[in-house]
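Source file structure-v6.cif; content: mmCIF, C-alpha atoms and all ligand atoms.
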data_query
#
loop_
_atom_site.label_atom_id
_atom_site.label_comp_id
_atom_site.auth_asym_id
_atom_site.auth_seq_id
_atom_site.Cartn_x
_atom_site.Cartn_y
_atom_site.Cartn_z
CA MET A 116 17.33 6.77 9.61
CA GLY A 117 14.09 6.20 7.71
CA GLU A 118 10.50 6.28 8.84
CA ILE A 119 8.15 3.32 8.99
CA ILE A 120 4.58 4.05 7.98
CA SER A 121 2.11 1.24 8.61
CA ILE A 122 -0.93 0.95 6.36
CA ILE A 123 -3.82 -0.49 8.36
CA SER A 124 -7.60 -0.61 7.95
CA GLY A 125 -9.67 -2.89 10.12
CA LYS A 126 -11.88 -4.04 7.23
CA GLY A 127 -10.28 -6.21 4.56
CA GLY A 128 -10.29 -5.49 0.84
CA VAL A 129 -10.34 -1.71 1.18
CA GLY A 130 -7.04 -1.30 -0.69
CA LYS A 131 -4.16 -1.39 1.83
CA THR A 132 -1.86 -3.38 -0.43
CA THR A 133 -2.81 -1.26 -3.45
CA VAL A 134 -2.04 1.88 -1.46
CA ALA A 135 1.27 0.51 -0.09
CA LEU A 136 2.56 -0.51 -3.55
CA ASN A 137 1.43 2.67 -5.28
CA LEU A 138 2.63 5.05 -2.58
CA ALA A 139 5.99 3.27 -2.77
CA SER A 140 6.03 3.86 -6.53
CA ALA A 141 5.01 7.50 -6.01
CA PHE A 142 7.74 8.06 -3.40
CA ASN A 143 10.29 6.41 -5.73
CA LYS A 144 9.30 8.89 -8.45
CA LYS A 145 9.90 11.69 -6.00
CA GLY A 146 13.42 10.38 -5.38
CA TYR A 147 13.00 8.56 -2.08
CA ASN A 148 14.57 5.19 -1.34
CA THR A 149 11.42 3.25 -0.48
CA LEU A 150 10.59 -0.29 0.59
CA VAL A 151 7.31 -2.16 1.00
CA PHE A 152 7.39 -4.67 3.85
CA ASP A 153 4.58 -7.22 3.67
CA GLY A 154 3.34 -7.31 7.23
CA ASN A 155 0.31 -9.33 6.14
CA VAL A 156 2.40 -12.32 7.15
CA SER A 157 -0.36 -14.94 7.19
CA SER A 158 -1.68 -13.94 3.76
CA PRO A 159 0.89 -11.91 1.83
CA THR A 160 -0.46 -10.49 -1.43
CA GLY A 161 1.78 -7.59 -2.47
CA ALA A 162 4.24 -9.88 -4.28
CA LEU A 163 1.38 -11.61 -6.10
CA TYR A 164 0.10 -8.27 -7.46
CA LEU A 165 3.61 -7.64 -8.80
CA GLY A 166 3.78 -11.04 -10.50
CA TYR A 167 5.99 -13.07 -8.13
CA LEU A 168 4.22 -16.43 -8.33
CA PRO A 169 5.49 -17.28 -5.78
CA ALA A 170 8.43 -15.22 -4.56
CA ASP A 171 11.62 -17.33 -4.45
CA ARG A 172 13.17 -15.26 -1.63
CA THR A 173 11.17 -14.34 1.44
CA ILE A 174 11.46 -13.11 5.01
CA ASN A 175 11.02 -16.75 6.07
CA ASN A 176 14.29 -17.66 4.31
CA VAL A 177 15.98 -14.93 6.34
CA LEU A 178 14.42 -16.18 9.59
CA LYS A 179 15.67 -19.70 8.81
CA GLY A 180 19.18 -18.33 8.23
CA ASP A 181 19.23 -19.42 4.55
CA ILE A 182 19.89 -15.94 3.14
CA GLU A 183 20.94 -12.48 4.27
CA LEU A 184 18.27 -9.83 4.80
CA ASP A 185 19.43 -7.77 1.79
CA GLY A 186 19.17 -10.86 -0.41
CA ALA A 187 15.45 -11.20 0.33
CA ILE A 188 14.56 -7.76 -1.05
CA LEU A 189 12.81 -8.15 -4.42
CA THR A 190 13.42 -5.25 -6.80
CA HIS A 191 10.52 -5.16 -9.24
CA ASP A 192 10.95 -3.77 -12.77
CA SER A 193 8.69 -0.86 -11.77
CA GLY A 194 11.42 0.07 -9.28
CA VAL A 195 9.29 -0.91 -6.27
CA LYS A 196 11.32 -2.81 -3.65
CA LEU A 197 9.46 -5.41 -1.63
CA LEU A 198 10.08 -7.85 1.19
CA THR A 199 7.47 -10.56 1.35
CA CYS A 200 6.61 -13.74 3.27
CA SER A 201 6.29 -17.33 2.22
CA LEU A 202 2.94 -18.71 1.04
CA GLY A 203 3.83 -22.15 2.45
CA ILE A 204 1.45 -23.46 5.10
CA ALA A 205 4.32 -24.88 7.20
CA ASP A 206 5.87 -21.39 7.32
CA LEU A 207 2.80 -20.03 9.13
CA LYS A 208 4.52 -21.37 12.26
CA SER A 209 7.43 -18.93 11.78
CA ASP A 210 8.15 -16.49 14.56
CA TYR A 211 6.73 -13.36 13.00
CA ARG A 212 7.71 -11.19 15.95
CA LYS A 213 11.26 -11.74 14.72
CA ALA A 214 10.17 -10.76 11.20
CA PHE A 215 8.90 -7.41 12.42
CA GLY A 216 12.15 -7.07 14.38
CA LEU A 217 14.01 -6.93 11.03
CA LEU A 218 12.47 -3.52 10.42
CA ASN A 219 15.00 -1.89 12.76
CA THR A 220 17.81 -2.90 10.40
CA LEU A 221 15.84 -2.04 7.24
CA LYS A 222 15.03 1.41 8.53
CA LYS A 223 18.72 2.34 8.52
CA LYS A 224 18.94 1.72 4.76
CA HIS A 225 15.69 3.26 3.49
CA ASP A 226 14.05 6.68 3.63
CA VAL A 227 10.53 5.32 3.94
CA ILE A 228 9.16 1.84 4.60
CA PHE A 229 5.49 1.20 3.92
CA LEU A 230 4.38 -1.61 6.20
CA ASP A 231 1.38 -3.29 4.56
CA ALA A 232 -0.67 -4.74 7.41
CA GLY A 233 -3.12 -7.61 7.44
CA ALA A 234 -6.86 -7.12 7.71
CA GLY A 235 -8.46 -6.94 11.13
CA LEU A 236 -7.14 -5.43 14.32
CA ASP A 237 -5.78 -8.56 15.94
CA GLU A 238 -2.19 -9.56 16.71
CA GLU A 239 -0.87 -9.30 13.14
CA ALA A 240 -2.15 -5.75 12.68
CA GLN A 241 -1.01 -4.83 16.17
CA LEU A 242 2.54 -6.04 15.43
CA ALA A 243 2.52 -3.74 12.39
CA ILE A 244 1.28 -0.78 14.43
CA GLU A 245 3.87 -1.41 17.15
CA ALA A 246 6.69 -1.60 14.61
CA SER A 247 5.77 1.69 12.93
CA ASP A 248 6.58 5.35 13.50
CA PHE A 249 3.43 6.62 11.79
CA VAL A 250 0.12 5.06 10.85
CA ILE A 251 -2.13 5.56 7.82
CA VAL A 252 -5.63 4.11 7.88
CA VAL A 253 -7.17 3.12 4.54
CA THR A 254 -10.92 2.99 4.16
CA ASN A 255 -13.71 3.15 1.60
CA PRO A 256 -16.52 5.73 1.66
CA GLU A 257 -18.98 3.30 3.22
CA LEU A 258 -20.14 3.01 6.82
CA PRO A 259 -18.83 -0.48 7.71
CA ALA A 260 -15.33 0.30 6.42
CA THR A 261 -15.38 3.73 8.06
CA ILE A 262 -16.43 2.38 11.46
CA ASP A 263 -13.55 -0.09 11.21
CA ALA A 264 -11.29 2.83 10.27
CA LEU A 265 -12.37 4.60 13.48
CA ARG A 266 -11.51 1.47 15.48
CA ALA A 267 -8.13 1.29 13.70
CA VAL A 268 -7.43 4.98 14.46
CA ARG A 269 -8.28 4.49 18.13
CA LEU A 270 -6.17 1.33 18.35
CA ALA A 271 -3.15 3.07 16.80
CA ARG A 272 -3.52 5.98 19.22
CA ALA A 273 -3.78 3.52 22.11
CA PHE A 274 -0.29 2.38 21.04
CA ASN A 275 0.79 6.04 21.21
CA LYS A 276 1.38 6.17 17.47
CA LYS A 277 0.87 9.28 15.39
CA VAL A 278 -1.96 8.71 12.90
CA LEU A 279 -1.15 10.71 9.76
CA GLY A 280 -4.78 10.35 8.73
CA VAL A 281 -7.15 8.33 6.60
CA ILE A 282 -6.99 7.63 2.87
CA VAL A 283 -10.44 7.23 1.35
CA ASN A 284 -10.02 4.71 -1.46
CA LYS A 285 -12.44 3.59 -4.22
CA VAL A 286 -14.40 6.83 -4.39
CA ASN A 287 -17.12 6.48 -7.03
CA TYR A 288 -19.21 9.61 -7.61
CA GLY A 289 -21.81 7.53 -9.46
CA LEU A 290 -22.74 5.68 -6.27
CA PRO A 291 -24.43 6.82 -3.05
CA GLN A 292 -21.33 6.92 -0.84
CA LEU A 293 -20.33 8.84 2.28
CA PRO A 294 -18.81 12.24 1.43
CA VAL A 295 -15.04 12.12 1.91
CA GLU A 296 -15.08 14.79 4.68
CA GLU A 297 -17.75 12.79 6.53
CA VAL A 298 -15.44 9.75 6.48
CA GLY A 299 -12.79 11.83 8.24
CA ASN A 300 -15.31 13.08 10.83
CA ILE A 301 -16.54 9.58 11.62
CA ALA A 302 -13.01 8.15 11.73
CA GLU A 303 -11.85 11.01 14.02
CA ALA A 304 -8.80 11.65 11.83
CA PRO A 305 -7.79 14.07 9.08
CA VAL A 306 -8.30 12.95 5.49
CA ILE A 307 -4.89 12.77 3.79
CA GLY A 308 -6.55 12.32 0.40
CA SER A 309 -8.92 10.21 -1.64
CA ILE A 310 -8.45 7.84 -4.57
CA ILE A 311 -11.00 7.35 -7.28
CA GLU A 312 -12.26 3.86 -8.10
CA ASP A 313 -10.47 3.40 -11.40
CA ASP A 314 -10.33 0.38 -13.75
CA ALA A 315 -6.73 1.37 -14.46
CA VAL A 316 -5.79 0.05 -10.98
CA HIS A 317 -7.04 -3.45 -11.89
CA GLU A 318 -5.69 -3.29 -15.41
CA ALA A 319 -2.21 -2.33 -14.21
CA PHE A 320 -2.19 -5.23 -11.73
CA ALA A 321 -3.17 -7.53 -14.62
CA TYR A 322 0.21 -6.46 -16.08
CA ASN A 323 1.81 -6.95 -12.62
CA GLN A 324 2.42 -3.22 -12.29
CA PRO A 325 1.45 -0.49 -9.84
CA VAL A 326 -0.85 1.91 -11.70
CA VAL A 327 1.35 4.89 -10.74
CA HIS A 328 4.21 3.35 -12.70
CA MET A 329 2.36 1.89 -15.68
CA ARG A 330 -0.40 4.47 -16.16
CA PRO A 331 0.97 7.80 -14.90
CA ASN A 332 -1.89 9.76 -16.54
CA ALA A 333 -4.65 7.70 -14.90
CA LYS A 334 -6.84 9.60 -12.45
CA ALA A 335 -5.99 7.12 -9.67
CA SER A 336 -2.25 7.66 -10.32
CA ALA A 337 -2.69 11.42 -9.93
CA ASP A 338 -4.55 10.76 -6.66
CA PHE A 339 -1.65 8.63 -5.37
CA MET A 340 0.91 11.28 -6.40
CA ASN A 341 -1.14 13.98 -4.63
CA ILE A 342 -1.27 11.88 -1.47
CA ALA A 343 2.53 11.41 -1.64
CA SER A 344 2.90 15.20 -1.99
CA LYS A 345 0.63 15.76 0.98
CA ILE A 346 2.55 13.32 3.21
CA LEU A 347 5.82 14.99 2.20
CA GLY A 348 4.40 18.48 2.74
CA GLU A 349 5.00 19.44 -0.91
CA ASP A 350 2.79 21.83 -2.89
CA LYS A 351 3.08 19.96 -6.19
CA LYS A 352 -0.35 18.96 -7.59
CA TYR A 353 -1.12 16.25 -10.15
CA ARG A 354 -4.29 16.18 -12.25
CA GLY A 355 -4.08 13.13 -14.52
CA ASN A 356 -5.69 12.93 -17.93
CA ALA A 357 -8.15 10.06 -18.31
CA ILE A 358 -8.47 10.45 -22.09
CA LEU A 359 -4.70 10.43 -22.66
CA ASP A 360 -4.42 7.51 -20.25
CA ARG A 361 -7.09 5.42 -22.05
CA PHE A 362 -5.58 6.24 -25.44
CA SER A 363 -2.04 5.22 -24.38
CA PHE A 364 -3.39 2.03 -22.83
CA TRP A 365 -5.30 1.19 -26.01
CA LEU A 366 -2.15 1.79 -28.10
CA HIS A 367 -0.24 -0.41 -25.66
CA LYS A 368 -2.80 -3.21 -26.01
CA ILE A 369 -2.58 -3.23 -29.79
CA GLY A 370 1.21 -3.16 -29.47
CA LEU A 371 1.81 0.27 -30.99
CA LYS A 372 3.20 2.12 -28.05
CA TYR A 373 5.16 0.91 -25.11
CA LEU A 374 3.89 1.77 -21.68
CA PRO A 375 6.17 0.78 -18.79
N1 LIG A 401 -8.78 2.78 -6.36
C1 LIG A 401 -9.12 1.57 -6.81
N2 LIG A 401 -9.83 1.42 -7.96
C2 LIG A 401 -10.18 0.19 -8.40
N3 LIG A 401 -9.86 -0.95 -7.77
C3 LIG A 401 -9.15 -0.87 -6.61
C4 LIG A 401 -8.73 0.37 -6.09
N4 LIG A 401 -8.03 0.12 -4.94
C5 LIG A 401 -8.02 -1.21 -4.78
N5 LIG A 401 -8.68 -1.82 -5.77
C6 LIG A 401 -8.92 -3.27 -5.93
O1 LIG A 401 -9.55 -3.75 -4.73
C7 LIG A 401 -9.10 -5.07 -4.44
C8 LIG A 401 -8.60 -5.14 -3.01
O2 LIG A 401 -7.45 -4.34 -2.88
P1 LIG A 401 -6.25 -4.72 -1.87
O3 LIG A 401 -5.24 -3.65 -2.02
O4 LIG A 401 -5.82 -6.12 -2.05
O5 LIG A 401 -7.01 -4.56 -0.46
P2 LIG A 401 -6.49 -4.96 1.01
O6 LIG A 401 -5.00 -5.02 0.98
O7 LIG A 401 -7.01 -3.89 1.92
O8 LIG A 401 -7.11 -6.29 1.32
C9 LIG A 401 -8.05 -5.42 -5.48
O9 LIG A 401 -8.67 -6.16 -6.50
C10 LIG A 401 -7.62 -4.06 -6.02
O10 LIG A 401 -7.18 -4.13 -7.37
MG MG A 402 -3.68 -6.53 1.52
#

Transcribe the structure of this file into structure tokens.
Amino acid sequence: MGEIISIISGKGGVGKTTVALNLASAFNKKGYNTLVFDGNVSSPTGALYLGYLPADRTINNVLKGDIELDGAILTHDSGVKLLTCSLGIADLKSDYRKAFGLLNTLKKKHDVIFLDAGAGLDEEAQLAIEASDFVIVVTNPELPATIDALRAVRLARAFNKKVLGVIVNKVNYGLPQLPVEEVGNIAEAPVIGSIIEDDAVHEAFAYNQPVVHMRPNAKASADFMNIASKILGEDKKYRGNAILDRFSFWLHKIGLKYLP
């Protein structure tokens, strides 16, 4: 029986989907059978980042009885497995409580499911929290995002869920930001780890890839791998090598070396 970890935030745009896709890639690398479930049902984006424009098989097809649940799982060439929702406006009327109900079946077949939640703390995010075993709150090192992280932490605890901690994403030492430890203090939760603001994240998505898969030497990729280690209670540390990463990416762009 696997574990469901919801990725919530309160504030939008902090990097929940980026974290869900890249932690899935990191867990895959560590040998775990991992799935990303797009719980941002009214505005699913994970599949778009991976280049499904749009996805031809979705949770909505399963809810309508058109296909089996297993048939809706998209296996990306990075190895990331994803279940997503329809972008169709008519499908917004679908019974999404039933969609979250599918997680009970999926849990039996996967070690870890990252449940990418929608922004806000309303019904959609609450369905994600309710459906999960553990909760991770993503934030940025800024006050508005961190106050929303605190609200998300308190909401998850009100549902009696164990909050693994906060992930502080888009850290930029060149900007006046909250120190990472301060984010944890304000959010009343331990800091699992932080992720640097790194162009490689954007650039990898431009190639429809999670950065962890395409740019393993990028600093952000090392940060994701370290967070995966921390969640798993492993000692293994990753450092990344920004120069090697930039050089391989440049070679890739001029077609001399193949990056995944
Ligand atoms: N560590 C990072 N470095 C640079 N850009 C990032 C990083 N994390 C996320 N982003 C970018 O921020 C934007 C919002 O991320 P997303 O994961 O969609 O947020 P959310 O799911 O919380 O709305 C995307 O353009 C993504 O590429
Ligand atoms: Mg998102």

Quiz item: Could you pull the residues within 7 Å of stretch 266-271 of chain A, counting all atoms listed in the file, minus those fewer than 2 positions along the same chain, as a list in words?
Solution: Ser124, Gly125, Leu236, Ile244, Val252, Ile262, Asp263, Ala264, Ala273, Phe274, Asn275, Lys276, Val278 and Ala302 of chain A

Quiz item: What residues have any atom no more than 10 Å from ligand MG 402 (chain A) when counting all atoms listed in the file, and can you list them as a list in words?
Solution: Ile122, Ile123, Ser124, Gly127, Gly128, Val129, Gly130, Lys131, Thr132, Thr133, Val134, Ala135, Asp153, Gly154, Asn155, Ser158, Pro159, Thr160, Gly161, Tyr164, Asp231, Ala232, Gly233 and Ala234 of chain A

Quick one: 5 Å padding each side, axis-aligned, all listed atoms of ligand LIG 401 (chain A) - centre and edge lengths in Å to one decimal, as AutoDock Vina command-line options?
--center_x -7.6 --center_y -1.8 --center_z -3.2 --size_x 15.2 --size_y 19.1 --size_z 20.3

Could you give me, as a PDB file with C-alpha atoms, in the coordinates of the input, the residues within 12 Å of A:Leu202, counting all atoms listed in the file and dropping anything in the same chain fewer than 3 positions from it?
ATOM      1  CA  ASP A 153       4.580  -7.220   3.670  1.00  0.00           C
ATOM      2  CA  ASN A 155       0.310  -9.330   6.140  1.00  0.00           C
ATOM      3  CA  VAL A 156       2.400 -12.320   7.150  1.00  0.00           C
ATOM      4  CA  SER A 157      -0.360 -14.940   7.190  1.00  0.00           C
ATOM      5  CA  SER A 158      -1.680 -13.940   3.760  1.00  0.00           C
ATOM      6  CA  PRO A 159       0.890 -11.910   1.830  1.00  0.00           C
ATOM      7  CA  THR A 160      -0.460 -10.490  -1.430  1.00  0.00           C
ATOM      8  CA  GLY A 161       1.780  -7.590  -2.470  1.00  0.00           C
ATOM      9  CA  ALA A 162       4.240  -9.880  -4.280  1.00  0.00           C
ATOM     10  CA  LEU A 163       1.380 -11.610  -6.100  1.00  0.00           C
ATOM     11  CA  TYR A 167       5.990 -13.070  -8.130  1.00  0.00           C
ATOM     12  CA  LEU A 168       4.220 -16.430  -8.330  1.00  0.00           C
ATOM     13  CA  PRO A 169       5.490 -17.280  -5.780  1.00  0.00           C
ATOM     14  CA  ALA A 170       8.430 -15.220  -4.560  1.00  0.00           C
ATOM     15  CA  ASP A 171      11.620 -17.330  -4.450  1.00  0.00           C
ATOM     16  CA  ARG A 172      13.170 -15.260  -1.630  1.00  0.00           C
ATOM     17  CA  THR A 173      11.170 -14.340   1.440  1.00  0.00           C
ATOM     18  CA  ILE A 174      11.460 -13.110   5.010  1.00  0.00           C
ATOM     19  CA  ASN A 175      11.020 -16.750   6.070  1.00  0.00           C
ATOM     20  CA  ASN A 176      14.290 -17.660   4.310  1.00  0.00           C
ATOM     21  CA  THR A 199       7.470 -10.560   1.350  1.00  0.00           C
ATOM     22  CA  ALA A 205       4.320 -24.880   7.200  1.00  0.00           C
ATOM     23  CA  ASP A 206       5.870 -21.390   7.320  1.00  0.00           C
ATOM     24  CA  LEU A 207       2.800 -20.030   9.130  1.00  0.00           C
ATOM     25  CA  LYS A 208       4.520 -21.370  12.260  1.00  0.00           C
ATOM     26  CA  SER A 209       7.430 -18.930  11.780  1.00  0.00           C
TER      27      SER A 209
END

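Residues lying within 10 Å of stretch 351-358 of chain A, counting only C-alpha atoms and ignoring same-chain neighbours fewer than 5 positions away, are A:Asp313, A:Ala315, A:Arg330, A:Pro331, A:Asn332, A:Ala333, A:Lys334, A:Ala335, A:Ser336, A:Ala337, A:Asp338, A:Phe339, A:Met340, A:Asn341, A:Ile342, A:Ala343, A:Ser344, A:Lys345, A:Ser363, A:Phe364.
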
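The coordinates place atom CA of A:Lys179 at 21.0 Å from atom CA of A:Ala246.
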
Practice problem: Determine, counting only C-alpha atoms, which protein, DNA and RNA residues have an atom within 10 Å of an atom of A:Leu150; residues of the same chain fewer than 3 positions away are not included. Present the result as an MDAnalysis selection string. | Solution: chainID A and resid 119 135:136 139:140 142:143 147 153 188:190 194:198 221:222 224:230

Can you write out the residues you just picked, keeping C-alpha atoms, as an mmCIF file, keeping the file's coordinate frame?
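Dumped everything to out.cif:
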data_model
loop_
_atom_site.group_PDB
_atom_site.id
_atom_site.type_symbol
_atom_site.label_atom_id
_atom_site.label_comp_id
_atom_site.auth_asym_id
_atom_site.auth_seq_id
_atom_site.Cartn_x
_atom_site.Cartn_y
_atom_site.Cartn_z
ATOM 1 C CA ILE A 119 8.150 3.320 8.990
ATOM 2 C CA ALA A 135 1.270 0.510 -0.090
ATOM 3 C CA LEU A 136 2.560 -0.510 -3.550
ATOM 4 C CA ALA A 139 5.990 3.270 -2.770
ATOM 5 C CA SER A 140 6.030 3.860 -6.530
ATOM 6 C CA PHE A 142 7.740 8.060 -3.400
ATOM 7 C CA ASN A 143 10.290 6.410 -5.730
ATOM 8 C CA TYR A 147 13.000 8.560 -2.080
ATOM 9 C CA ASP A 153 4.580 -7.220 3.670
ATOM 10 C CA ILE A 188 14.560 -7.760 -1.050
ATOM 11 C CA LEU A 189 12.810 -8.150 -4.420
ATOM 12 C CA THR A 190 13.420 -5.250 -6.800
ATOM 13 C CA GLY A 194 11.420 0.070 -9.280
ATOM 14 C CA VAL A 195 9.290 -0.910 -6.270
ATOM 15 C CA LYS A 196 11.320 -2.810 -3.650
ATOM 16 C CA LEU A 197 9.460 -5.410 -1.630
ATOM 17 C CA LEU A 198 10.080 -7.850 1.190
ATOM 18 C CA LEU A 221 15.840 -2.040 7.240
ATOM 19 C CA LYS A 222 15.030 1.410 8.530
ATOM 20 C CA LYS A 224 18.940 1.720 4.760
ATOM 21 C CA HIS A 225 15.690 3.260 3.490
ATOM 22 C CA ASP A 226 14.050 6.680 3.630
ATOM 23 C CA VAL A 227 10.530 5.320 3.940
ATOM 24 C CA ILE A 228 9.160 1.840 4.600
ATOM 25 C CA PHE A 229 5.490 1.200 3.920
ATOM 26 C CA LEU A 230 4.380 -1.610 6.200
#

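Picture a line from atom CA of A:Val151 to atom CA of A:Gly186; it runs 14.8 Å.
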
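As for atom CA of A:Lys213 and atom CA of A:Asn148, they are spaced 23.6 Å apart.
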
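Using only C-alpha atoms and all ligand atoms, the smallest distance between any of A:Ile307, A:Ile346, A:Val177, A:Ala319 and ligand LIG 401 (chain A) comes from A:Ala319.
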